[in-house]
Amino acid sequence: MTTITADDVQQADRDSSQAVTRRNITIPLKARGEPALWALGGALSVGIVMIFGFLLLVFYNGFTTFIAKPVAVVTLKSGELVAGEPTRSELYKLAPDAVKALAPTDAAKIEARGGYEQRTLYRTGNYDLSGYDFKWVDDRNVARAEFPSDVLFVERLEWGAFVGRIKAAAIDGKTVSTPTAKDPALVQAHEAALQRLQAIRNIERNLIGRVNYDLERLRLKVRRAELNYGPTSPEAAAARANEVEASGPLRAQYELLAAEAQRIRQIDQKNTVTLADIAGKEKTLPLSGLVRFYAANDLTLADKIGIYLSRWWEFLSSDPREANTEGGVLPAIFGTVAMTLLMVLMVAPVGVITALYLREYAQQGRLVSVVRISVNNLAGVPSIVYGVFGLGFFAYGLGSSIDEVFFLERLPNPTYGTGGLIWAALTLALLTVPVVIVATEEALSAVPRSMREGSLACGASKWQTIRNIVLPRAMPGIMTGIILAMARGAGEVAPLMLVGVVKLAPTLPIDAYFPYIHLERSFMHLGFHIYDVGFQSRNSEAGKPMVFVTTCLLIGIITVLNLAAIIIRSRLKRRFAGSQF
Amino acid sequence: MKVAMTDAAPPVAAAFGPPSVHPKRGTDGEAIRIRDFNLWYGKAQALYDVNFTIERGLVTALIGPSGCGKSTLLRCFNRMNDLIDNLRIEGRIEFEGGDIYASTVDTIALRKQMGMVFQKPNPFPMSVFENVVYPLRIDGIRDRKVLDETCYKALQGAALWNEVKDRLHASALGLSGGQQQRLCIARAIAGDPEVLLMDEPCSALDPIATAKIEELIDELRERYTVVIVTHNMQQAARVSDNTAFMYLGRLIEYGETETIFNNPLNVRTQDYVTGRFG
């Protein structure tokens with residue numbers, strides 16, 4: 001032990017005061033972590049810019065597609081007339097030889113621009129008359145461009161858009177010459193024509209469909225009796241007799257309905273409209289063949305809003321037309337939502353039960369590790385492989401067996417033995433089950449040990465503890481897994497192409513015919529619709545806006561589904577608010 | 001007294017000698033009798049030849065420095081240690097005459113007879129009411145009258161009724177730490193156990209909440225056999241009738257609390273209770 005002297009104390013004081021008053025303390029930037037912070041912030045901004053840039057692109061294009069655009073009438077120097085919606089303009093490089101071949105003034109202008117020429121793409125429509133929908137017009141060829149107020153933009157059921165004028169209309173056989181687009185008689189007649197169209201569709205699709213369905217059932221009854229008891233058995237004979245007896249009235253009903261449809265068609269024939277393109281070439285078609293027509297350069301704001309909304313409504317509520325590039329996507333919306341929900345119904349219980357067993361009951365050893373690694377690796381298998389598996393195992397394997405047992409009379413037409421809603425949902429459930437398993441395992445392992453012990457110490461069995469304490473507590477985490485699975489499943493396309501998604505399936509999987517929910521039916525899907533419209537249609541230029549609109553819609557649907565799940569999750573979470581563990 | 005002098009036993013074992021067990025105090029019987037009890041976590045032995053008897057209707061404190069095995073021993077009484085892999089035991093723990101480690105014993109039934117309170121309050125994320133009646137719920141009791149009555153009695157018993165009677169159906173997680181711990185005690189006694197096992201019930205609480213719990217333990221002694229593990233020697237001195245001092249997995253001394261604290265037989269006990277180590 002040394003004794004402390006007064007000097008020591010003073011020295012200590014000096015030391016400490018020096019330490020306190022020392023200035024210019026420099027801490028290196030690296031130690032402060034500022035560069036790391038910039039990198040983190042930078043990474044976040046890049047991510048946000050990419051995501052928002054993408055969303056902005058999709059939403060801008062999606063939401064502007066249905067705006068009614070003006071129609072330009074361009075007179076070329078050659079005297080030719082081009083009428084259409086200006087879609088976009090761009091500079092393009094002319095071949096040097098082509099520049100030399102031009103008139104000297106044009107060539108000089110193009111040389112001045114470095115060999116580039118400005119051109120504009122017009123949506124001319126009139127495919128049936130001209131053989132093209134879109135036309136590029138080089139600026140040097142334009143004599144003048146006008147926006148006359150009497151030019152109409154007409155959407156037709158067939159052959160796409162028409163740009164031109166109405167030459168004449170026949171309303172109930174009476175001819176009206178050169179009516180305007182807002183002529184009340186014409187508008188009224190058009191509405192009546194659309195209603196007739198609906199009536200014809202109703203007869204053909206629903207009423208005659210019902211009769212055909214009943215006839216088919218009678219035929220299948222005979223076939224089943226023949227298969228079960230042999231073709232010469234009394235049961236088969238009875239079924240045949242029954243078919244003959246019952247099909248008589250059905251056929252009479254069919255004739256009646258067909259006659260009624262024919263009658264309406266004849267009225268429809270008397271209501272026609274003669275359209276003329278800008279050069280005067282004429283085309284006559286029934287009034288019911290027009291979806292919508294308007295004077296594109298003579299629209300008030302209210303008209304534009306009306307057209308915009310009615311186009312959205314048509315898009316959301318009707319069947320596709322013209323190889324999916326026009327009309328609506330209702331079957332695809334329905335198919336997407338139905339398949340996603342069905343998938344969630346399948347993946348959630350399987351995934352949660354698997355994870356429960358793996359985490360709570362299985363002896364943690366090498367086997368469980370192998371299983372766990374395999375499950376995680378499943379998430380990395382290309383989705384198309386799942387599609388192949390789904391087709392081979394579910395549709396051709398499982399489905400064919402179902403057909404052989406339950407739908408023998410329909411063979412060789414497959415019922416379950418081909419792609420369908422249920423097989424698509426099962427395939428996607430298989431695809432997304434690793435996500436649910438991993439998330440559920442994480443959620444289960446995050447349940448504090450103290451909770452389990454508290455429950456066990458109360459004399460609860462392991463199952464009671466899991467059921468009453470662990471599962472409710474893990475539920476928000478499990479929901480997160482289900483949300484991720486749902487988002488992944490709803491956006492998947494490749495495997496669906498193999499297991500049930502088709503280009504066109506106007507019959508929904510739910511209808512008025514027993515058993516009302518037809519899980520074996522093929523269906524439409526927005527993701528596949530995007531691919532189909534964008535890359536498989538006759539005219540990719542016409543499909544492009546639809547790609548964006550459909551993408552918007554798909555993003556919107558996934559958002560709504562996710563929001564619903566997130567709301568459920570936050571409700572669950574609120575029950576654990578204030579938890580201090 | 002059998003002392004296991006196996007190869008596995010560290011040399012220090014010889015230095016301890018047999019535990020000093022004081023003469024039994026007159027009570028109405030034995031609750032838990034521990035006989036030659038050894039326990040291994042994997043290859044590491046955690047308890048060595050523990051022998052003593054916990055008396056019915058008294059508060060018994062298990063004290064000792066960290067890692068001395070007192071919590072391990074407590075968790076053997078209701079077989080909570082069964083959850084741990086690689087656990088091996090030897091010897092017997094008798095409860096009401098039967099070995100609780102016998103293969104015929106139903107751990108669920110055993111745990112229903114032994115309420116347990118943990119170090120940290122662990123109320124379930126449910127309402128106060130549901131927390132208290134949880135032991136009844138898992139027995140499938142649905143009769144509202146029975147549940148209400150049990151809830152009232154248990155909360156009264158845990159001296160919590162007056163504080164929570166207006167918020168029985170609010171989340172239990174909104175209670176303060178001390179209230180949560182008393183709620184856990186209420187939950188433990190709602191199942192009507194014989195024994196209450198308390199594993200450092202006050203270590204996560206402030207002094208006022210601790211005082212309340214200690215007061216409660218004092219009231220509980222008349223109805224339950226209480227075994228309490230504590231780090232806090234003052235607490236052991238205040239609340240317990242008997243005290244067992246453990247050190248390095250061995251029982252060093254066991255007897256009336258007053259004797260252990262004032263006239264311990266073993267020098268280690270004396271060192272520990274006077275604060276010279278631990």
# chains A, B, ... in the order shown; residues from 1 in each chain; ligands from 1

$ interface_residues --of "chain B" --to "chain A" --cutoff "9 Å" --atoms "only C-alpha atoms" --output "NGL selection string"
:B and (78 or 80 or 107-118 or 120-126 or 134-135 or 138-139 or 171 or 173-174 or 184 or 187-188 or 191)

$ residues_around --residues "Val195 of chain B" --least-positions-apart "4" --cutoff "6 Å" --atoms "only C-alpha atoms" --output "PyMOL selection string"
chain B and resi 114+224-226

$ residues_around --residues "Glu520 of chain A" --least-positions-apart "2" --cutoff "12 Å" --atoms "only C-alpha atoms" --output "tab-separated table (two decimals) with N, CA, C and O atoms, in the first residue's frame"
chain	number	residue	atom	x	y	z
A	339	MET	N	-58.30	-19.08	-58.26
A	339	MET	CA	-57.16	-19.99	-58.13
A	339	MET	C	-56.30	-19.62	-56.92
A	339	MET	O	-55.85	-20.50	-56.19
A	394	PHE	N	-50.73	-34.67	-61.16
A	394	PHE	CA	-52.10	-34.32	-60.79
A	394	PHE	C	-53.08	-34.60	-61.93
A	394	PHE	O	-54.03	-35.36	-61.78
A	395	ALA	N	-52.82	-33.94	-63.09
A	395	ALA	CA	-53.81	-34.02	-64.16
A	395	ALA	C	-53.85	-35.41	-64.78
A	395	ALA	O	-54.89	-36.07	-64.77
A	398	LEU	N	-53.52	-38.42	-61.21
A	398	LEU	CA	-54.65	-38.37	-60.29
A	398	LEU	C	-55.97	-38.15	-61.04
A	398	LEU	O	-56.95	-38.84	-60.82
A	399	GLY	N	-55.94	-37.15	-61.95
A	399	GLY	CA	-57.17	-36.77	-62.65
A	399	GLY	C	-57.70	-37.90	-63.49
A	399	GLY	O	-58.90	-38.18	-63.50
A	400	SER	N	-56.81	-38.61	-64.21
A	400	SER	CA	-57.29	-39.71	-65.04
A	400	SER	C	-57.90	-40.80	-64.20
A	400	SER	O	-58.91	-41.41	-64.58
A	402	ILE	N	-59.41	-40.38	-61.35
A	402	ILE	CA	-60.74	-39.90	-60.95
A	402	ILE	C	-61.73	-40.11	-62.08
A	402	ILE	O	-62.85	-40.58	-61.88
A	403	ASP	N	-61.29	-39.76	-63.30
A	403	ASP	CA	-62.18	-39.93	-64.45
A	403	ASP	C	-62.61	-41.37	-64.61
A	403	ASP	O	-63.79	-41.66	-64.87
A	407	PHE	N	-66.18	-40.66	-63.81
A	407	PHE	CA	-66.71	-40.05	-65.03
A	407	PHE	C	-66.45	-40.94	-66.24
A	407	PHE	O	-66.12	-40.47	-67.33
A	414	PRO	N	-61.74	-36.06	-71.36
A	414	PRO	CA	-61.34	-36.02	-69.95
A	414	PRO	C	-62.16	-35.01	-69.18
A	414	PRO	O	-62.60	-34.00	-69.72
A	415	THR	N	-62.41	-35.32	-67.91
A	415	THR	CA	-63.08	-34.37	-67.04
A	415	THR	C	-62.03	-33.78	-66.10
A	415	THR	O	-61.67	-32.61	-66.19
A	416	TYR	N	-61.51	-34.65	-65.22
A	416	TYR	CA	-60.42	-34.19	-64.36
A	416	TYR	C	-59.06	-34.53	-64.96
A	416	TYR	O	-58.04	-34.07	-64.46
A	417	GLY	N	-59.05	-35.34	-65.99
A	417	GLY	CA	-57.79	-35.85	-66.52
A	417	GLY	C	-57.04	-34.89	-67.41
A	417	GLY	O	-56.23	-35.29	-68.22
A	418	THR	N	-57.32	-33.62	-67.27
A	418	THR	CA	-56.59	-32.61	-68.04
A	418	THR	C	-56.44	-31.39	-67.14
A	418	THR	O	-56.89	-31.40	-66.00
A	419	GLY	N	-55.75	-30.38	-67.62
A	419	GLY	CA	-55.53	-29.20	-66.78
A	419	GLY	C	-56.84	-28.62	-66.28
A	419	GLY	O	-57.86	-28.68	-66.95
A	420	GLY	N	-56.80	-28.09	-65.06
A	420	GLY	CA	-58.02	-27.50	-64.50
A	420	GLY	C	-57.68	-26.66	-63.30
A	420	GLY	O	-56.55	-26.66	-62.80
A	421	LEU	N	-58.72	-25.96	-62.84
A	421	LEU	CA	-58.53	-25.03	-61.72
A	421	LEU	C	-57.93	-25.73	-60.51
A	421	LEU	O	-56.99	-25.23	-59.89
A	422	ILE	N	-58.45	-26.91	-60.19
A	422	ILE	CA	-57.99	-27.56	-58.97
A	422	ILE	C	-56.54	-28.02	-59.10
A	422	ILE	O	-55.76	-27.90	-58.16
A	423	TRP	N	-56.18	-28.46	-60.31
A	423	TRP	CA	-54.79	-28.92	-60.49
A	423	TRP	C	-53.84	-27.74	-60.47
A	423	TRP	O	-52.72	-27.84	-59.95
A	424	ALA	N	-54.27	-26.62	-61.04
A	424	ALA	CA	-53.43	-25.42	-61.02
A	424	ALA	C	-53.22	-24.97	-59.58
A	424	ALA	O	-52.10	-24.64	-59.16
A	425	ALA	N	-54.31	-24.97	-58.80
A	425	ALA	CA	-54.20	-24.54	-57.41
A	425	ALA	C	-53.29	-25.48	-56.62
A	425	ALA	O	-52.46	-25.04	-55.82
A	426	LEU	N	-53.43	-26.77	-56.88
A	426	LEU	CA	-52.59	-27.75	-56.19
A	426	LEU	C	-51.12	-27.57	-56.56
A	426	LEU	O	-50.23	-27.63	-55.71
A	499	VAL	N	-50.99	-26.52	-66.59
A	499	VAL	CA	-51.96	-27.24	-65.77
A	499	VAL	C	-53.35	-26.61	-65.74
A	499	VAL	O	-54.07	-26.77	-64.76
A	500	GLY	N	-53.73	-25.88	-66.76
A	500	GLY	CA	-55.13	-25.50	-66.76
A	500	GLY	C	-55.45	-24.10	-67.24
A	500	GLY	O	-56.62	-23.81	-67.51
A	501	VAL	N	-54.46	-23.23	-67.36
A	501	VAL	CA	-54.78	-21.90	-67.86
A	501	VAL	C	-54.82	-21.94	-69.38
A	501	VAL	O	-53.96	-22.55	-70.01
A	508	LEU	N	-67.13	-19.56	-66.69
A	508	LEU	CA	-66.48	-19.45	-65.39
A	508	LEU	C	-66.55	-20.80	-64.68
A	508	LEU	O	-67.43	-21.60	-64.96
A	509	PRO	N	-65.65	-21.01	-63.73
A	509	PRO	CA	-65.71	-22.28	-62.97
A	509	PRO	C	-66.91	-22.36	-62.03
A	509	PRO	O	-67.12	-23.38	-61.40
A	510	ILE	N	-67.65	-21.26	-61.92
A	510	ILE	CA	-68.86	-21.32	-61.10
A	510	ILE	C	-70.03	-20.96	-61.99
A	510	ILE	O	-69.99	-19.96	-62.70
A	515	PRO	N	-72.39	-29.48	-60.32
A	515	PRO	CA	-72.39	-29.12	-58.89
A	515	PRO	C	-72.00	-27.66	-58.62
A	515	PRO	O	-71.45	-27.37	-57.58
A	516	TYR	N	-72.27	-26.78	-59.54
A	516	TYR	CA	-72.12	-25.32	-59.39
A	516	TYR	C	-70.67	-24.85	-59.36
A	516	TYR	O	-70.35	-23.81	-59.90
A	517	ILE	N	-69.81	-25.56	-58.63
A	517	ILE	CA	-68.40	-25.18	-58.65
A	517	ILE	C	-67.66	-26.25	-59.44
A	517	ILE	O	-67.66	-27.42	-59.06
A	518	HIS	N	-67.08	-25.84	-60.56
A	518	HIS	CA	-66.46	-26.82	-61.45
A	518	HIS	C	-64.95	-26.66	-61.38
A	518	HIS	O	-64.36	-25.93	-62.15
A	522	SER	N	-60.86	-25.68	-67.12
A	522	SER	CA	-59.73	-24.79	-67.39
A	522	SER	C	-60.22	-23.35	-67.24
A	522	SER	O	-61.42	-23.09	-67.28
A	523	PHE	N	-59.29	-22.45	-67.03
A	523	PHE	CA	-59.69	-21.10	-66.66
A	523	PHE	C	-58.70	-20.10	-67.26
A	523	PHE	O	-57.67	-20.48	-67.82

$ closest_residue --among "B:Asn86, B:Ser240, B:Gln270, B:Thr259" --to "Ile54 of chain B" --atoms "only C-alpha atoms"
B:Ser240

$ residues_around --residues "Asn206 of chain A" --least-positions-apart "5" --cutoff "12 Å" --atoms "only C-alpha atoms" --output "list in words"
Gln198, Ala199, Ile200, Arg201, Val211, Asn212, Tyr213, Tyr254, Leu257, Thr507, Asp511, Ala512 and Tyr513 of chain A

$ write_last_selection --atoms "all heavy atoms" --output "compact mmCIF listing (two decimals), in the first residue's frame"
# COMPACT_ATOMS: atom_id res chain seq x y z
N GLN A 198 -77.64 -8.67 -76.33
CA GLN A 198 -77.65 -9.33 -75.02
C GLN A 198 -78.69 -10.44 -75.00
O GLN A 198 -78.44 -11.53 -74.48
CB GLN A 198 -77.99 -8.31 -73.93
CG GLN A 198 -76.80 -7.51 -73.42
CD GLN A 198 -75.76 -8.41 -72.80
OE1 GLN A 198 -76.08 -9.31 -72.04
NE2 GLN A 198 -74.51 -8.19 -73.15
N ALA A 199 -79.87 -10.12 -75.57
CA ALA A 199 -80.96 -11.11 -75.56
C ALA A 199 -80.56 -12.34 -76.34
O ALA A 199 -80.78 -13.48 -75.90
CB ALA A 199 -82.23 -10.48 -76.14
N ILE A 200 -79.95 -12.12 -77.51
CA ILE A 200 -79.52 -13.27 -78.32
C ILE A 200 -78.50 -14.09 -77.55
O ILE A 200 -78.57 -15.32 -77.48
CB ILE A 200 -78.93 -12.79 -79.67
CG1 ILE A 200 -80.03 -12.15 -80.52
CG2 ILE A 200 -78.30 -13.96 -80.42
CD1 ILE A 200 -79.52 -11.51 -81.79
N ARG A 201 -77.55 -13.38 -76.93
CA ARG A 201 -76.52 -14.10 -76.16
C ARG A 201 -77.15 -14.90 -75.03
O ARG A 201 -76.74 -16.02 -74.76
CB ARG A 201 -75.54 -13.10 -75.56
CG ARG A 201 -74.44 -12.78 -76.52
CD ARG A 201 -73.27 -12.18 -75.80
NE ARG A 201 -72.34 -11.68 -76.79
CZ ARG A 201 -71.55 -10.63 -76.59
NH1 ARG A 201 -71.59 -9.99 -75.45
NH2 ARG A 201 -70.73 -10.24 -77.52
N VAL A 211 -80.60 -26.44 -72.29
CA VAL A 211 -81.21 -27.55 -73.02
C VAL A 211 -80.12 -28.56 -73.44
O VAL A 211 -80.27 -29.76 -73.26
CB VAL A 211 -81.98 -27.03 -74.25
CG1 VAL A 211 -82.41 -28.18 -75.14
CG2 VAL A 211 -83.18 -26.21 -73.80
N ASN A 212 -79.03 -28.01 -73.97
CA ASN A 212 -77.93 -28.89 -74.39
C ASN A 212 -77.38 -29.67 -73.21
O ASN A 212 -77.06 -30.85 -73.34
CB ASN A 212 -76.81 -28.06 -75.01
CG ASN A 212 -77.15 -27.66 -76.42
OD1 ASN A 212 -77.97 -28.31 -77.08
ND2 ASN A 212 -76.55 -26.59 -76.89
N TYR A 213 -77.29 -28.99 -72.08
CA TYR A 213 -76.78 -29.64 -70.88
C TYR A 213 -77.69 -30.81 -70.49
O TYR A 213 -77.22 -31.91 -70.18
CB TYR A 213 -76.69 -28.61 -69.77
CG TYR A 213 -76.33 -29.16 -68.42
CD1 TYR A 213 -75.00 -29.49 -68.11
CD2 TYR A 213 -77.30 -29.33 -67.43
CE1 TYR A 213 -74.67 -29.98 -66.88
CE2 TYR A 213 -76.97 -29.82 -66.17
CZ TYR A 213 -75.65 -30.16 -65.91
OH TYR A 213 -75.32 -30.65 -64.68
N TYR A 254 -85.71 -26.50 -77.76
CA TYR A 254 -84.55 -26.00 -78.48
C TYR A 254 -85.00 -25.27 -79.74
O TYR A 254 -84.55 -24.16 -80.03
CB TYR A 254 -83.63 -27.17 -78.82
CG TYR A 254 -82.42 -26.78 -79.62
CD1 TYR A 254 -81.24 -26.42 -78.96
CD2 TYR A 254 -82.45 -26.75 -81.01
CE1 TYR A 254 -80.13 -26.05 -79.68
CE2 TYR A 254 -81.34 -26.37 -81.73
CZ TYR A 254 -80.17 -26.03 -81.07
OH TYR A 254 -79.09 -25.65 -81.79
N LEU A 257 -86.48 -21.89 -78.93
CA LEU A 257 -85.48 -20.89 -78.56
C LEU A 257 -84.70 -20.43 -79.78
O LEU A 257 -84.43 -19.23 -79.96
CB LEU A 257 -84.50 -21.47 -77.52
CG LEU A 257 -85.10 -21.67 -76.12
CD1 LEU A 257 -84.15 -22.52 -75.27
CD2 LEU A 257 -85.34 -20.33 -75.46
N THR A 507 -66.42 -19.61 -70.05
CA THR A 507 -67.28 -20.19 -69.01
C THR A 507 -66.52 -20.18 -67.69
O THR A 507 -65.41 -20.68 -67.60
CB THR A 507 -67.67 -21.63 -69.34
OG1 THR A 507 -66.50 -22.30 -69.77
CG2 THR A 507 -68.73 -21.70 -70.40
N ASP A 511 -71.05 -21.79 -62.03
CA ASP A 511 -72.23 -21.46 -62.83
C ASP A 511 -73.46 -22.12 -62.24
O ASP A 511 -73.44 -22.61 -61.11
CB ASP A 511 -72.02 -21.84 -64.29
CG ASP A 511 -71.79 -23.33 -64.47
OD1 ASP A 511 -72.16 -24.08 -63.54
OD2 ASP A 511 -71.26 -23.73 -65.51
N ALA A 512 -74.55 -22.12 -63.03
CA ALA A 512 -75.84 -22.56 -62.48
C ALA A 512 -76.04 -24.06 -62.62
O ALA A 512 -77.09 -24.58 -62.30
CB ALA A 512 -76.96 -21.82 -63.18
N TYR A 513 -75.07 -24.77 -63.18
CA TYR A 513 -75.24 -26.20 -63.39
C TYR A 513 -74.60 -27.00 -62.27
O TYR A 513 -73.48 -26.72 -61.86
CB TYR A 513 -74.62 -26.61 -64.74
CG TYR A 513 -75.20 -25.85 -65.89
CD1 TYR A 513 -74.40 -25.08 -66.71
CD2 TYR A 513 -76.57 -25.88 -66.13
CE1 TYR A 513 -74.94 -24.36 -67.76
CE2 TYR A 513 -77.11 -25.17 -67.17
CZ TYR A 513 -76.30 -24.41 -67.98
OH TYR A 513 -76.84 -23.70 -69.01

$ select_by_dssp --residues "segment 299-396 of chain A" --states "alpha helix (DSSP H)" --output "PyMOL selection string"
chain A and resi 301-317+330-356+366-378+383-389

$ atom_distance --atom1 "atom CA of Ala209 of chain B" --atom2 "atom CA of Met233 of chain B"
17.1 Å

$ residues_around --residues "segment 87-94 of chain B" --least-positions-apart "2" --cutoff "12 Å" --atoms "only C-alpha atoms" --output "MDAnalysis selection string"
chainID B and resid 2 4 30:54 72:85 96:102 105 110

$ atom_distance --atom1 "atom CA of Leu62 of chain B" --atom2 "atom CA of Met198 of chain B"
9.9 Å

$ residues_around --residues "Asp183 of chain A" --least-positions-apart "4" --cutoff "12 Å" --atoms "only C-alpha atoms" --output "JSON, numbers by chain"
{"A": [166, 168, 169, 176, 177, 178, 179, 187, 188, 189, 190, 293, 294, 295]}

$ closest_residue --among "A:Lys69, A:Arg321, A:Arg488, A:Arg32" --to "Gly160 of chain A" --atoms "only C-alpha atoms"
A:Arg321

$ residues_around --residues "Glu158 of chain A" --least-positions-apart "3" --cutoff "10 Å" --atoms "only C-alpha atoms" --output "list in words"
Tyr127, Asp128, Glu155, Ala161, Gly289, Leu290, Val291, Arg321, Glu322 and Glu326 of chain A

$ closest_atom_pairs --of "segment 344-427 of chain A" --to "segment 220-240 of chain A" --cutoff "8 Å" --atoms "only C-alpha atoms" --output "CSV"
residue,atom,partner,partner_atom,distance
A:Leu408,CA,A:Arg224,CA,7.4
A:Glu409,CA,A:Arg224,CA,5.1
A:Arg410,CA,A:Leu220,CA,6.9

$ write_last_selection --atoms "all heavy atoms" --output "PDB file, in the first residue's frame"
ATOM      1  N   LEU A 408     -66.616 -42.246 -65.992  1.00  0.00           N
ATOM      2  CA  LEU A 408     -66.311 -43.210 -67.039  1.00  0.00           C
ATOM      3  C   LEU A 408     -67.127 -42.950 -68.293  1.00  0.00           C
ATOM      4  O   LEU A 408     -66.628 -43.079 -69.412  1.00  0.00           O
ATOM      5  CB  LEU A 408     -66.613 -44.617 -66.488  1.00  0.00           C
ATOM      6  CG  LEU A 408     -65.987 -45.773 -67.226  1.00  0.00           C
ATOM      7  CD1 LEU A 408     -64.480 -45.578 -67.252  1.00  0.00           C
ATOM      8  CD2 LEU A 408     -66.335 -47.084 -66.556  1.00  0.00           C
ATOM      9  N   GLU A 409     -68.381 -42.526 -68.107  1.00  0.00           N
ATOM     10  CA  GLU A 409     -69.260 -42.381 -69.256  1.00  0.00           C
ATOM     11  C   GLU A 409     -68.839 -41.224 -70.163  1.00  0.00           C
ATOM     12  O   GLU A 409     -69.247 -41.157 -71.305  1.00  0.00           O
ATOM     13  CB  GLU A 409     -70.714 -42.209 -68.787  1.00  0.00           C
ATOM     14  CG  GLU A 409     -71.022 -40.897 -68.116  1.00  0.00           C
ATOM     15  CD  GLU A 409     -70.690 -40.912 -66.630  1.00  0.00           C
ATOM     16  OE1 GLU A 409     -70.023 -41.868 -66.192  1.00  0.00           O
ATOM     17  OE2 GLU A 409     -71.084 -39.965 -65.933  1.00  0.00           O
ATOM     18  N   ARG A 410     -68.036 -40.310 -69.636  1.00  0.00           N
ATOM     19  CA  ARG A 410     -67.646 -39.172 -70.472  1.00  0.00           C
ATOM     20  C   ARG A 410     -66.399 -39.452 -71.293  1.00  0.00           C
ATOM     21  O   ARG A 410     -66.063 -38.699 -72.182  1.00  0.00           O
ATOM     22  CB  ARG A 410     -67.387 -37.941 -69.595  1.00  0.00           C
ATOM     23  CG  ARG A 410     -68.628 -37.490 -68.899  1.00  0.00           C
ATOM     24  CD  ARG A 410     -68.449 -36.114 -68.326  1.00  0.00           C
ATOM     25  NE  ARG A 410     -69.551 -35.841 -67.422  1.00  0.00           N
ATOM     26  CZ  ARG A 410     -69.691 -34.712 -66.771  1.00  0.00           C
ATOM     27  NH1 ARG A 410     -68.795 -33.772 -66.902  1.00  0.00           N
ATOM     28  NH2 ARG A 410     -70.715 -34.539 -65.983  1.00  0.00           N
TER      29      ARG A 410
END
